[in-house]
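Structure below is work.txt: compact mmCIF, C-alpha atoms and all ligand atoms.
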# COMPACT_ATOMS: atom_id res chain seq x y z
CA MET A 312 0.35 15.55 9.59
CA ASN A 313 -1.66 15.53 6.38
CA LYS A 314 -3.28 18.79 5.46
CA LEU A 315 -6.90 18.92 6.61
CA TYR A 316 -9.59 20.95 4.90
CA PHE A 317 -12.52 21.89 7.14
CA ASP A 318 -13.94 24.66 4.94
CA ILE A 319 -16.50 22.61 3.02
CA ALA A 320 -19.11 25.41 3.24
CA ALA A 321 -16.76 27.68 1.26
CA THR A 322 -16.24 25.14 -1.49
CA THR A 323 -15.75 21.40 -1.90
CA PRO A 324 -13.13 19.34 -3.69
CA LEU A 325 -14.28 17.83 -6.97
CA ASP A 326 -15.83 14.34 -6.81
CA SER A 327 -13.48 12.03 -8.74
CA ASN A 328 -16.28 10.72 -11.01
CA VAL A 329 -17.21 14.29 -11.88
CA SER A 330 -13.58 15.14 -12.53
CA MET A 331 -13.16 12.14 -14.88
CA LEU A 332 -16.30 13.01 -16.81
CA MET A 333 -15.27 16.64 -17.21
CA THR A 334 -11.76 15.74 -18.31
CA GLU A 335 -13.12 13.39 -20.95
CA ILE A 336 -15.52 16.05 -22.24
CA GLN A 337 -12.82 18.75 -22.25
CA ASN A 338 -10.57 16.45 -24.26
CA THR A 339 -13.09 15.15 -26.78
CA ILE A 340 -16.15 17.39 -27.12
CA PHE A 341 -15.68 20.91 -28.41
CA GLY A 342 -18.56 21.78 -30.75
CA ASN A 343 -20.57 24.91 -30.09
CA PRO A 344 -23.92 23.75 -28.64
CA SER A 345 -25.72 26.31 -30.84
CA SER A 346 -24.29 24.84 -34.07
CA ILE A 347 -26.57 22.57 -36.03
CA HIS A 348 -23.87 20.13 -37.19
CA GLN A 349 -23.09 16.90 -35.34
CA PHE A 350 -20.22 18.43 -33.35
CA GLY A 351 -22.55 21.08 -32.00
CA GLN A 352 -25.40 18.68 -31.39
CA LYS A 353 -23.18 16.38 -29.31
CA SER A 354 -22.45 19.33 -26.99
CA ARG A 355 -26.14 20.29 -26.96
CA SER A 356 -27.13 16.76 -25.96
CA LEU A 357 -24.70 16.86 -23.01
CA ILE A 358 -26.21 20.12 -21.76
CA GLU A 359 -29.75 18.76 -22.05
CA LYS A 360 -28.71 15.55 -20.28
CA ALA A 361 -27.37 17.63 -17.36
CA ARG A 362 -30.60 19.64 -17.27
CA ARG A 363 -32.58 16.38 -17.02
CA GLN A 364 -30.28 15.03 -14.30
CA ILE A 365 -30.73 18.17 -12.22
CA SER A 366 -34.48 18.44 -12.75
CA LYS A 367 -34.99 14.77 -11.88
CA SER A 368 -32.86 15.15 -8.73
CA LEU A 369 -34.81 18.21 -7.56
CA ASN A 370 -38.20 17.10 -8.89
CA CYS A 371 -38.96 19.84 -11.38
CA LYS A 372 -39.22 20.03 -15.18
CA PRO A 373 -36.04 20.28 -17.28
CA ASN A 374 -37.22 23.53 -18.86
CA GLU A 375 -37.41 25.08 -15.40
CA ILE A 376 -33.58 24.96 -15.04
CA ILE A 377 -31.36 27.77 -16.40
CA PHE A 378 -27.59 27.30 -16.24
CA THR A 379 -25.54 30.20 -14.86
CA SER A 380 -22.01 30.74 -13.58
CA GLY A 381 -22.96 30.01 -9.96
CA GLY A 382 -24.97 31.08 -6.96
CA SER A 383 -24.08 34.76 -7.26
CA GLU A 384 -25.24 35.04 -10.86
CA SER A 385 -28.47 33.14 -10.16
CA ASN A 386 -29.25 35.48 -7.26
CA ASN A 387 -28.48 38.57 -9.37
CA LEU A 388 -30.61 37.28 -12.22
CA VAL A 389 -33.72 36.86 -10.07
CA LEU A 390 -33.54 40.13 -8.22
CA HIS A 391 -32.56 42.29 -11.19
CA GLY A 392 -34.79 40.38 -13.61
CA PHE A 393 -37.92 40.43 -11.47
CA LEU A 394 -38.07 43.69 -9.54
CA LYS A 395 -38.72 47.15 -10.92
CA GLU A 396 -39.04 50.67 -9.54
CA GLY A 397 -41.81 50.92 -6.93
CA ASP A 398 -41.77 47.20 -6.05
CA HIS A 399 -41.13 45.99 -2.52
CA LEU A 400 -38.69 43.18 -1.69
CA ILE A 401 -38.57 41.33 1.61
CA THR A 402 -35.26 39.66 2.35
CA SER A 403 -33.19 38.89 5.44
CA SER A 404 -30.40 40.87 7.02
CA TYR A 405 -28.04 37.87 6.87
CA GLU A 406 -28.17 36.92 3.19
CA HIS A 407 -25.01 36.22 1.21
CA PRO A 408 -23.58 39.40 -0.40
CA ALA A 409 -24.92 38.14 -3.74
CA ILE A 410 -28.40 39.03 -2.42
CA MET A 411 -27.50 41.74 0.06
CA LYS A 412 -25.50 43.92 -2.29
CA VAL A 413 -28.02 43.47 -5.11
CA ALA A 414 -30.82 44.55 -2.77
CA GLN A 415 -28.82 47.63 -1.75
CA GLU A 416 -28.24 48.44 -5.40
CA LEU A 417 -31.94 48.04 -6.17
CA GLU A 418 -32.77 50.47 -3.36
CA LYS A 419 -30.84 53.12 -5.29
CA ASN A 420 -33.24 52.46 -8.16
CA ASN A 421 -36.29 53.02 -5.95
CA VAL A 422 -37.06 49.41 -5.13
CA GLU A 423 -38.22 49.30 -1.51
CA VAL A 424 -36.45 46.67 0.61
CA THR A 425 -37.24 45.31 4.08
CA TYR A 426 -34.46 43.33 5.78
CA ILE A 427 -35.70 40.83 8.36
CA ASN A 428 -33.29 40.11 11.23
CA PRO A 429 -32.86 36.49 12.32
CA ARG A 430 -33.98 35.56 15.82
CA GLN A 431 -31.32 34.77 18.43
CA ASP A 432 -31.42 31.11 17.35
CA GLY A 433 -30.31 32.15 13.84
CA ILE A 434 -33.64 31.49 12.16
CA ILE A 435 -35.95 33.85 10.26
CA ASN A 436 -39.35 34.02 11.93
CA PRO A 437 -42.14 33.57 9.31
CA THR A 438 -44.37 35.90 11.36
CA ASP A 439 -41.82 38.69 10.92
CA VAL A 440 -41.93 38.08 7.17
CA GLU A 441 -45.73 38.18 7.20
CA GLN A 442 -45.78 41.43 9.14
CA ALA A 443 -43.42 43.06 6.65
CA ILE A 444 -45.74 42.44 3.67
CA LYS A 445 -47.03 45.61 2.00
CA LYS A 446 -49.37 46.28 -0.92
CA ASN A 447 -46.42 46.56 -3.31
CA THR A 448 -44.52 43.45 -2.05
CA LYS A 449 -43.56 41.53 -5.18
CA LEU A 450 -40.86 39.16 -3.99
CA ILE A 451 -39.68 37.45 -0.80
CA SER A 452 -36.08 36.22 -1.00
CA ILE A 453 -34.96 34.26 2.06
CA MET A 454 -31.97 31.94 2.06
CA TYR A 455 -32.70 28.29 2.79
CA VAL A 456 -29.56 27.72 4.85
CA ASN A 457 -27.37 30.49 6.20
CA ASN A 458 -23.77 30.05 5.07
CA GLU A 459 -22.12 31.26 8.28
CA LEU A 460 -24.37 29.48 10.78
CA GLY A 461 -25.81 26.51 8.90
CA CYS A 462 -29.28 27.36 10.29
CA ILE A 463 -32.15 26.04 8.16
CA ASN A 464 -35.02 28.46 7.61
CA PRO A 465 -38.71 27.39 7.66
CA LEU A 466 -39.17 27.91 3.96
CA SER A 467 -42.49 26.02 3.59
CA GLU A 468 -44.09 28.33 6.14
CA ILE A 469 -42.73 31.40 4.35
CA VAL A 470 -44.02 30.10 0.99
CA ALA A 471 -47.48 29.43 2.49
CA ILE A 472 -47.63 33.02 3.78
CA ALA A 473 -46.52 34.42 0.41
CA GLN A 474 -48.96 32.35 -1.61
CA LYS A 475 -51.95 33.63 0.35
CA LYS A 476 -51.00 37.12 -0.88
CA ASN A 477 -49.89 36.10 -4.37
CA ILE A 478 -46.27 37.07 -3.69
CA LYS A 479 -43.42 35.21 -5.41
CA VAL A 480 -40.68 33.51 -3.38
CA HIS A 481 -37.00 33.05 -4.21
CA THR A 482 -34.59 31.09 -2.08
CA ASP A 483 -30.82 30.93 -2.16
CA ALA A 484 -30.38 27.18 -1.59
CA VAL A 485 -26.66 27.17 -2.36
CA GLN A 486 -25.74 25.67 1.03
CA LEU A 487 -28.56 23.12 1.13
CA ILE A 488 -28.12 20.96 -1.95
CA GLY A 489 -26.76 17.50 -1.22
CA LYS A 490 -27.02 18.03 2.51
CA LYS A 491 -30.78 17.92 3.07
CA GLU A 492 -33.67 16.48 1.04
CA LEU A 493 -35.30 18.99 -1.27
CA ASN A 494 -38.36 18.37 -3.42
CA LEU A 495 -39.29 21.40 -5.52
CA SER A 496 -42.83 20.20 -6.11
CA VAL A 497 -43.36 20.16 -2.34
CA ILE A 498 -41.46 23.28 -1.33
CA ASN A 499 -43.20 25.24 -4.08
CA VAL A 500 -40.84 28.20 -4.40
CA ASP A 501 -40.92 30.25 -7.60
CA PHE A 502 -37.15 30.68 -7.97
CA MET A 503 -34.17 28.90 -6.43
CA SER A 504 -30.41 29.42 -6.79
CA ILE A 505 -27.86 26.60 -6.59
CA ALA A 506 -24.10 26.25 -7.20
CA ALA A 507 -22.25 23.04 -8.15
CA HIS A 508 -19.04 23.75 -6.24
CA LYS A 509 -20.79 23.47 -2.89
CA TYR A 510 -21.54 19.78 -3.48
CA TYR A 511 -18.39 18.36 -5.09
CA GLY A 512 -19.11 19.74 -8.55
CA PRO A 513 -17.08 22.27 -10.55
CA LYS A 514 -16.62 25.93 -9.69
CA GLY A 515 -18.11 28.58 -11.96
CA VAL A 516 -21.29 26.63 -12.76
CA GLY A 517 -24.68 27.04 -11.16
CA ALA A 518 -28.35 27.05 -11.97
CA LEU A 519 -31.50 28.98 -11.39
CA PHE A 520 -34.81 27.16 -11.02
CA ILE A 521 -37.66 29.21 -12.49
CA LYS A 522 -41.07 27.63 -11.87
CA SER A 523 -43.23 27.39 -15.01
CA GLY A 524 -45.46 30.42 -15.40
CA ASN A 525 -42.86 32.81 -13.94
CA SER A 526 -40.68 34.93 -16.11
CA LEU A 527 -37.71 37.25 -15.70
CA ASN A 528 -36.42 40.15 -17.75
CA SER A 529 -33.05 39.53 -19.38
CA THR A 530 -30.23 41.37 -17.70
CA LEU A 531 -27.64 40.43 -20.34
CA GLN A 532 -28.06 40.69 -24.09
CA GLY A 533 -26.42 38.40 -26.61
CA GLY A 534 -26.92 35.14 -28.43
CA GLY A 535 -30.13 34.08 -26.75
CA GLN A 536 -28.86 30.97 -24.96
CA GLU A 537 -30.69 29.74 -21.86
CA LYS A 538 -33.98 31.36 -22.88
CA ASN A 539 -32.21 34.69 -23.41
CA LEU A 540 -31.42 34.86 -19.70
CA ARG A 541 -27.80 33.74 -19.90
CA PRO A 542 -26.43 34.49 -23.34
CA GLY A 543 -22.98 33.18 -24.23
CA THR A 544 -21.52 29.88 -25.41
CA GLU A 545 -22.17 27.34 -22.67
CA ASN A 546 -19.54 25.74 -20.43
CA VAL A 547 -20.32 22.21 -21.65
CA ALA A 548 -17.87 20.29 -19.43
CA GLY A 549 -18.85 22.34 -16.37
CA ILE A 550 -22.56 21.90 -16.98
CA SER A 551 -22.11 18.15 -17.50
CA GLY A 552 -20.07 18.01 -14.32
CA MET A 553 -22.83 19.82 -12.47
CA GLY A 554 -25.42 17.35 -13.80
CA LEU A 555 -23.46 14.37 -12.51
CA ALA A 556 -22.51 16.09 -9.23
CA THR A 557 -26.19 16.85 -8.55
CA GLN A 558 -27.20 13.27 -9.25
CA ILE A 559 -24.47 11.90 -6.95
CA ALA A 560 -25.19 14.44 -4.21
CA ILE A 561 -28.93 13.81 -4.11
CA LYS A 562 -28.57 10.02 -4.27
CA ASN A 563 -26.23 9.99 -1.27
CA ILE A 564 -27.83 12.59 1.00
CA LYS A 565 -28.87 10.17 3.73
CA LYS A 566 -25.58 8.27 3.75
CA ASN A 567 -23.44 11.42 3.75
CA SER A 568 -25.47 13.39 6.26
CA ASP A 569 -25.49 10.45 8.71
CA VAL A 570 -21.69 10.22 8.50
CA ILE A 571 -21.26 14.00 8.81
CA LEU A 572 -23.59 14.21 11.83
CA LYS A 573 -21.63 11.41 13.53
CA LEU A 574 -18.38 13.28 12.90
CA GLU A 575 -19.86 16.53 14.18
CA ASN A 576 -21.05 14.81 17.37
CA LEU A 577 -17.62 13.25 17.84
CA PHE A 578 -16.03 16.69 17.42
CA LEU A 579 -18.30 18.30 20.02
CA ASP A 580 -17.85 15.36 22.44
CA LEU A 581 -14.08 15.62 22.17
CA LEU A 582 -14.18 19.36 22.83
CA ASN A 583 -16.09 18.63 26.03
CA LYS A 584 -13.77 15.81 27.05
CA HIS A 585 -10.79 18.13 26.65
CA GLN A 586 -12.61 20.90 28.48
CA ILE A 587 -12.04 23.21 25.55
CA ILE A 588 -14.29 26.19 26.25
CA HIS A 589 -16.63 26.78 23.32
CA GLN A 590 -20.10 27.90 22.30
CA VAL A 591 -21.92 26.66 19.20
CA ASN A 592 -24.08 29.38 17.66
CA GLY A 593 -27.46 28.89 16.01
CA LYS A 594 -30.20 26.23 16.24
CA ASN A 595 -31.75 23.89 13.67
CA ARG A 596 -28.42 23.58 11.92
CA LEU A 597 -27.47 21.54 8.93
CA PRO A 598 -25.02 18.83 10.06
CA GLY A 599 -21.47 19.80 9.19
CA ILE A 600 -21.62 23.59 9.43
CA ILE A 601 -20.44 24.52 12.91
CA ASN A 602 -20.27 28.18 13.86
CA ILE A 603 -18.30 28.14 17.06
CA THR A 604 -16.86 30.65 19.54
CA PHE A 605 -13.58 29.90 21.36
CA PRO A 606 -11.72 32.07 23.89
CA ILE A 607 -9.26 33.34 21.27
CA LEU A 608 -9.55 35.80 18.39
CA GLY A 609 -10.99 33.97 15.39
CA GLN A 610 -8.45 35.40 13.00
CA THR A 611 -5.56 34.27 15.26
CA LEU A 612 -7.05 30.79 15.57
CA VAL A 613 -7.54 30.49 11.80
CA MET A 614 -3.88 31.44 11.28
CA LYS A 615 -2.58 29.10 14.00
CA LEU A 616 -4.59 26.22 12.56
CA ASP A 617 -3.35 27.07 9.07
CA LEU A 618 0.25 26.83 10.31
CA GLU A 619 -0.61 23.27 11.36
CA GLY A 620 -2.09 22.56 7.91
CA ILE A 621 -5.74 22.82 8.98
CA ALA A 622 -8.13 25.05 7.03
CA VAL A 623 -11.20 26.58 8.69
CA SER A 624 -12.79 29.96 8.10
CA PHE A 625 -13.30 33.19 9.95
CA GLY A 626 -16.69 34.45 8.86
CA SER A 627 -15.97 38.14 9.03
CA ALA A 628 -14.81 40.80 6.68
CA CYS A 629 -11.28 42.01 7.19
CA SER A 630 -10.61 45.58 6.19
CA SER A 631 -7.21 47.25 6.41
CA GLY A 632 -5.85 44.39 8.49
CA THR A 633 -8.41 44.87 11.28
CA PRO A 634 -10.97 42.09 11.54
CA LYS A 635 -14.54 43.32 11.80
CA ALA A 636 -17.11 41.38 13.77
CA SER A 637 -19.46 39.44 11.49
CA LYS A 638 -22.75 41.26 10.98
CA VAL A 639 -24.54 37.90 10.97
CA LEU A 640 -23.29 37.16 14.48
CA LEU A 641 -24.07 40.66 15.74
CA ASP A 642 -27.61 40.31 14.32
CA LEU A 643 -27.92 37.14 16.39
CA GLY A 644 -27.12 39.12 19.52
CA LEU A 645 -23.49 38.05 20.03
CA THR A 646 -21.28 40.73 21.57
CA ASP A 647 -18.55 42.24 19.42
CA ASP A 648 -15.98 40.37 21.51
CA LYS A 649 -17.65 36.97 21.02
CA ALA A 650 -18.27 37.58 17.33
CA LEU A 651 -14.56 38.29 16.88
CA LYS A 652 -13.75 35.00 18.62
CA THR A 653 -15.92 32.91 16.32
CA ILE A 654 -14.91 30.66 13.44
CA ARG A 655 -16.73 28.31 11.07
CA ILE A 656 -15.67 24.67 10.87
CA SER A 657 -17.36 22.72 8.10
CA ILE A 658 -17.24 18.95 7.68
CA GLY A 659 -17.83 17.03 4.46
CA LYS A 660 -18.27 13.59 2.98
CA PHE A 661 -14.56 12.84 2.67
CA HIS A 662 -13.73 13.36 6.35
CA THR A 663 -12.92 10.53 8.73
CA GLU A 664 -12.88 10.08 12.49
CA ASP A 665 -9.09 10.36 12.39
CA ASP A 666 -9.42 13.80 10.81
CA ILE A 667 -11.65 14.91 13.70
CA TYR A 668 -9.20 13.53 16.30
CA SER A 669 -6.38 15.43 14.59
CA LEU A 670 -8.39 18.66 14.52
CA VAL A 671 -9.23 18.44 18.22
CA LYS A 672 -5.68 17.54 19.10
CA VAL A 673 -4.42 20.73 17.47
CA LEU A 674 -7.22 22.84 18.97
CA ASN A 675 -6.31 21.45 22.37
CA GLN A 676 -2.64 22.33 21.86
CA ILE A 677 -3.58 25.88 20.89
CA LEU A 678 -6.34 26.51 23.43
CA ASN A 679 -5.24 24.42 26.43
CA PRO A 680 -1.45 24.27 26.21
CA GLU A 681 -1.14 23.66 29.96
CA ASN A 682 -3.38 20.56 29.78
CA GLN A 683 -1.44 18.65 27.17
CA LYS A 684 -0.14 15.91 29.44
CA VAL A 685 -3.33 15.51 31.43
CA ASN A 686 -5.61 15.23 28.45
CA TYR A 687 -3.40 13.55 25.95
CA ASN A 688 -5.03 10.13 26.42
CA TYR A 689 -8.26 11.38 24.96
CA VAL A 690 -6.68 12.02 21.64
CA LYS A 691 -5.73 9.25 19.27
C1 LIG A 701 -25.51 31.08 0.58
C2 LIG A 701 -24.64 31.38 -0.58
N1 LIG A 701 -25.15 32.03 -1.65
C3 LIG A 701 -24.42 32.34 -2.72
C4 LIG A 701 -23.09 31.99 -2.79
C5 LIG A 701 -22.30 32.36 -4.00
O1 LIG A 701 -22.14 31.25 -4.82
P1 LIG A 701 -21.04 31.31 -6.00
O2 LIG A 701 -19.72 31.36 -5.34
O3 LIG A 701 -21.28 30.02 -6.74
O4 LIG A 701 -21.33 32.48 -6.82
C6 LIG A 701 -22.51 31.32 -1.72
C7 LIG A 701 -21.07 30.95 -1.74
O5 LIG A 701 -20.32 31.18 -0.84
C8 LIG A 701 -23.30 31.00 -0.58
O6 LIG A 701 -22.79 30.37 0.47

Represent the supplied structure as structure tokens.
Amino acid sequence: MNKLYFDIAATTPLDSNVSMLMTEIQNTIFGNPSSIHQFGQKSRSLIEKARRQISKSLNCKPNEIIFTSGGSESNNLVLHGFLKEGDHLITSSYEHPAIMKVAQELEKNNVEVTYINPRQDGIINPTDVEQAIKKNTKLISIMYVNNELGCINPLSEIVAIAQKKNIKVHTDAVQLIGKKELNLSVINVDFMSIAAHKYYGPKGVGALFIKSGNSLNSTLQGGGQEKNLRPGTENVAGISGMGLATQIAIKNIKKNSDVILKLENLFLDLLNKHQIIHQVNGKNRLPGIINITFPILGQTLVMKLDLEGIAVSFGSACSSGTPKASKVLLDLGLTDDKALKTIRISIGKFHTEDDIYSLVKVLNQILNPENQKVNYNYVK
């Protein structure tokens, strides 16, 4: 069987058009974008083209986009660059470590932090955010889509609450781009983090949207690139790749998400047909991110699938060989036992129905070995 990659939420393969563009740039364009000669200016023009492509795709101004090395750096930049001693931050208890660990670090520097737990359906309740607001609340940072569950948070409602009190809003939208429509002039956040490798662009390139009128303190000092916020000679091929990847991703959202939803429904139907016991966790999910509990330890299942050439992920930290139940799942109210039996399967634009049939066939062999003969007809 061909190898099958169902870990799209961790990272995506590179789109072939993006790969071709980047290769051409790597091979032919090398000037330093800060140099005033023609070699440098050619590189500069590629960076500015990518900035325009991204801003047009997300409906913001080009000068509101700062290139970074990815989602983690964008998140760090906002929190470290915006908050100071005595400020209060509201965030959620299930953010990516690139928010969570920064918030914990800021607490050591006397920034007050409130962590909002998701409800049992995996969604942050805007009322809980509102109730956490204090006099010194300066920033609300709530992820748009949770990376383990795929749950989409009601960001517009959170922004409306924040605006009434003149509080700025940041969102980590790393999992959302290319999977759901996003119009920055409608959603009205002040800051937003994105990363190209989650939507078929290159790894190590991301961006931070900073709405006009907002500013951040520099956290790195150097040559002054990217409005002093991200000094260092730019990754021209990567940035160009991100520009094209964003354009392709946004243009094809409807087509891709329809296909992915169909594949997800096929997957869940086949699980039922095979009587494979399972539980999907979280509501209001983005199509293609399936957090699912089976009656087997997640880590064992991930390894058994890997032996068959199928990649999925186990969303929990593993320390000294002992898997720990995912905090995200425990926050949702799952028992330790169920959390340890949960994996994440993520589907992307390159998958086919045959891939889904193959995945279920292997899951059936692992989970229902005694039913192989009875159920075999269901599987192509
Ligand atoms: C929600 C979320 N935020 C941030 C990141 C970090 O992005 P990067 O790997 O580009 O630094 C990830 C990647 O896993 C993510 O899923």

Shell around segment 545-549 of chain A at 7 Å using only C-alpha atoms, local window under 6 positions removed, as number ranges by chain
A: 333, 336-337, 354, 358, 513, 516

Considering only C-alpha atoms, return as a VMD selection string whatever protein or nucleic-acid residues lie within 12 Å of segment 615-619 of chain A, sequence-local ones (same chain, fewer than 2 positions apart) excluded.
chain A and resid 312 to 318 607 to 613 621 to 625 654 656 669 to 678

Between chain A and ligand LIG 701 (chain A), at 7 Å or less, what are the per-residue closest atom pairs and their distances in Å? Count all atoms listed in the file, order by chain and rising residue number, and return it as a tab-separated table.
residue	atom	partner	partner_atom	distance
A:Ala320	CA	A:LIG701	O6	6.8
A:Ala321	CA	A:LIG701	O5	5.4
A:Ser380	CA	A:LIG701	O3	6.9
A:Gly381	CA	A:LIG701	O3	3.6
A:Gly382	CA	A:LIG701	O1	3.6
A:Ser383	CA	A:LIG701	O4	3.6
A:Glu384	CA	A:LIG701	O4	6.2
A:Glu406	CA	A:LIG701	C1	6.9
A:His407	CA	A:LIG701	N1	5.1
A:Ala409	CA	A:LIG701	C3	5.9
A:Met454	CA	A:LIG701	C1	6.7
A:Val456	CA	A:LIG701	C1	6.8
A:Asn457	CA	A:LIG701	C1	5.9
A:Asn458	CA	A:LIG701	O6	4.7
A:Asp483	CA	A:LIG701	N1	5.8
A:Ala484	CA	A:LIG701	C1	6.6
A:Val485	CA	A:LIG701	C2	5.0
A:Gln486	CA	A:LIG701	C1	5.4
A:Ala506	CA	A:LIG701	O3	4.7
A:His508	CA	A:LIG701	O3	6.7
A:Lys514	CA	A:LIG701	O3	6.9
A:Gly515	CA	A:LIG701	O3	6.3
A:Val516	CA	A:LIG701	O3	6.9
A:Gly517	CA	A:LIG701	O3	6.3

May I have the selected residues written with C-alpha atoms, as a PDB file, keeping the file's coordinate frame?
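So result.pdb came out as:
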ATOM      1  CA  ALA A 320     -19.110  25.410   3.240  1.00  0.00           C
ATOM      2  CA  ALA A 321     -16.760  27.680   1.260  1.00  0.00           C
ATOM      3  CA  SER A 380     -22.010  30.740 -13.580  1.00  0.00           C
ATOM      4  CA  GLY A 381     -22.960  30.010  -9.960  1.00  0.00           C
ATOM      5  CA  GLY A 382     -24.970  31.080  -6.960  1.00  0.00           C
ATOM      6  CA  SER A 383     -24.080  34.760  -7.260  1.00  0.00           C
ATOM      7  CA  GLU A 384     -25.240  35.040 -10.860  1.00  0.00           C
ATOM      8  CA  GLU A 406     -28.170  36.920   3.190  1.00  0.00           C
ATOM      9  CA  HIS A 407     -25.010  36.220   1.210  1.00  0.00           C
ATOM     10  CA  ALA A 409     -24.920  38.140  -3.740  1.00  0.00           C
ATOM     11  CA  MET A 454     -31.970  31.940   2.060  1.00  0.00           C
ATOM     12  CA  VAL A 456     -29.560  27.720   4.850  1.00  0.00           C
ATOM     13  CA  ASN A 457     -27.370  30.490   6.200  1.00  0.00           C
ATOM     14  CA  ASN A 458     -23.770  30.050   5.070  1.00  0.00           C
ATOM     15  CA  ASP A 483     -30.820  30.930  -2.160  1.00  0.00           C
ATOM     16  CA  ALA A 484     -30.380  27.180  -1.590  1.00  0.00           C
ATOM     17  CA  VAL A 485     -26.660  27.170  -2.360  1.00  0.00           C
ATOM     18  CA  GLN A 486     -25.740  25.670   1.030  1.00  0.00           C
ATOM     19  CA  ALA A 506     -24.100  26.250  -7.200  1.00  0.00           C
ATOM     20  CA  HIS A 508     -19.040  23.750  -6.240  1.00  0.00           C
ATOM     21  CA  LYS A 514     -16.620  25.930  -9.690  1.00  0.00           C
ATOM     22  CA  GLY A 515     -18.110  28.580 -11.960  1.00  0.00           C
ATOM     23  CA  VAL A 516     -21.290  26.630 -12.760  1.00  0.00           C
ATOM     24  CA  GLY A 517     -24.680  27.040 -11.160  1.00  0.00           C
TER      25      GLY A 517
END

Between A:Ile488, A:Ala650, A:Ile571, A:Ala443, which residue has the minimum interatomic distance to Ile600 of chain A, considering all atoms listed in the file?
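Of A:Ile488, A:Ala650, A:Ile571, A:Ala443, the one nearest Ile600 of chain A, counting all atoms listed in the file, is A:Ile571.
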
Padding 6 Å on every side, please: axis-aligned box over the listed atoms of segment 669-680 of chain A, centre and edge lengths to one decimal in Å, as JSON.
{"center_x": -5.3, "center_y": 21.0, "center_z": 20.5, "size_x": 19.8, "size_y": 23.1, "size_z": 23.9}

Could you write segment 523-534 of chain A as an mmCIF file, keeping the file's coordinate frame, with N, CA, C and O atoms rebuilt where they are missing?
data_model
loop_
_atom_site.group_PDB
_atom_site.id
_atom_site.type_symbol
_atom_site.label_atom_id
_atom_site.label_comp_id
_atom_site.auth_asym_id
_atom_site.auth_seq_id
_atom_site.Cartn_x
_atom_site.Cartn_y
_atom_site.Cartn_z
ATOM 1 N N SER A 523 -42.427 27.090 -13.813
ATOM 2 C CA SER A 523 -43.230 27.390 -15.010
ATOM 3 C C SER A 523 -44.277 28.450 -14.688
ATOM 4 O O SER A 523 -44.901 28.398 -13.620
ATOM 5 N N GLY A 524 -44.458 29.355 -15.596
ATOM 6 C CA GLY A 524 -45.460 30.420 -15.400
ATOM 7 C C GLY A 524 -44.810 31.706 -14.903
ATOM 8 O O GLY A 524 -45.411 32.769 -14.971
ATOM 9 N N ASN A 525 -43.584 31.598 -14.380
ATOM 10 C CA ASN A 525 -42.860 32.810 -13.940
ATOM 11 C C ASN A 525 -41.889 33.223 -15.015
ATOM 12 O O ASN A 525 -41.339 32.377 -15.715
ATOM 13 N N SER A 526 -41.680 34.509 -15.122
ATOM 14 C CA SER A 526 -40.680 34.930 -16.110
ATOM 15 C C SER A 526 -39.819 36.052 -15.524
ATOM 16 O O SER A 526 -40.202 36.717 -14.550
ATOM 17 N N LEU A 527 -38.648 36.212 -16.131
ATOM 18 C CA LEU A 527 -37.710 37.250 -15.700
ATOM 19 C C LEU A 527 -37.315 38.077 -16.897
ATOM 20 O O LEU A 527 -37.274 37.561 -18.023
ATOM 21 N N ASN A 528 -36.986 39.341 -16.672
ATOM 22 C CA ASN A 528 -36.420 40.150 -17.750
ATOM 23 C C ASN A 528 -34.957 39.788 -17.914
ATOM 24 O O ASN A 528 -34.273 39.527 -16.922
ATOM 25 N N SER A 529 -34.473 39.804 -19.165
ATOM 26 C CA SER A 529 -33.050 39.530 -19.380
ATOM 27 C C SER A 529 -32.236 40.678 -18.812
ATOM 28 O O SER A 529 -32.616 41.842 -18.936
ATOM 29 N N THR A 530 -31.117 40.317 -18.198
ATOM 30 C CA THR A 530 -30.230 41.370 -17.700
ATOM 31 C C THR A 530 -28.972 41.450 -18.561
ATOM 32 O O THR A 530 -28.171 42.364 -18.419
ATOM 33 N N LEU A 531 -28.780 40.442 -19.408
ATOM 34 C CA LEU A 531 -27.640 40.430 -20.340
ATOM 35 C C LEU A 531 -28.195 40.219 -21.745
ATOM 36 O O LEU A 531 -29.134 39.448 -21.923
ATOM 37 N N GLN A 532 -27.614 40.890 -22.713
ATOM 38 C CA GLN A 532 -28.060 40.690 -24.090
ATOM 39 C C GLN A 532 -26.982 39.946 -24.864
ATOM 40 O O GLN A 532 -25.793 40.110 -24.583
ATOM 41 N N GLY A 533 -27.398 39.144 -25.816
ATOM 42 C CA GLY A 533 -26.420 38.400 -26.610
ATOM 43 C C GLY A 533 -27.102 37.359 -27.455
ATOM 44 O O GLY A 533 -28.171 37.606 -28.011
ATOM 45 N N GLY A 534 -26.481 36.174 -27.494
ATOM 46 C CA GLY A 534 -26.920 35.140 -28.430
ATOM 47 C C GLY A 534 -28.200 34.400 -28.114
ATOM 48 O O GLY A 534 -28.586 33.526 -28.876
#
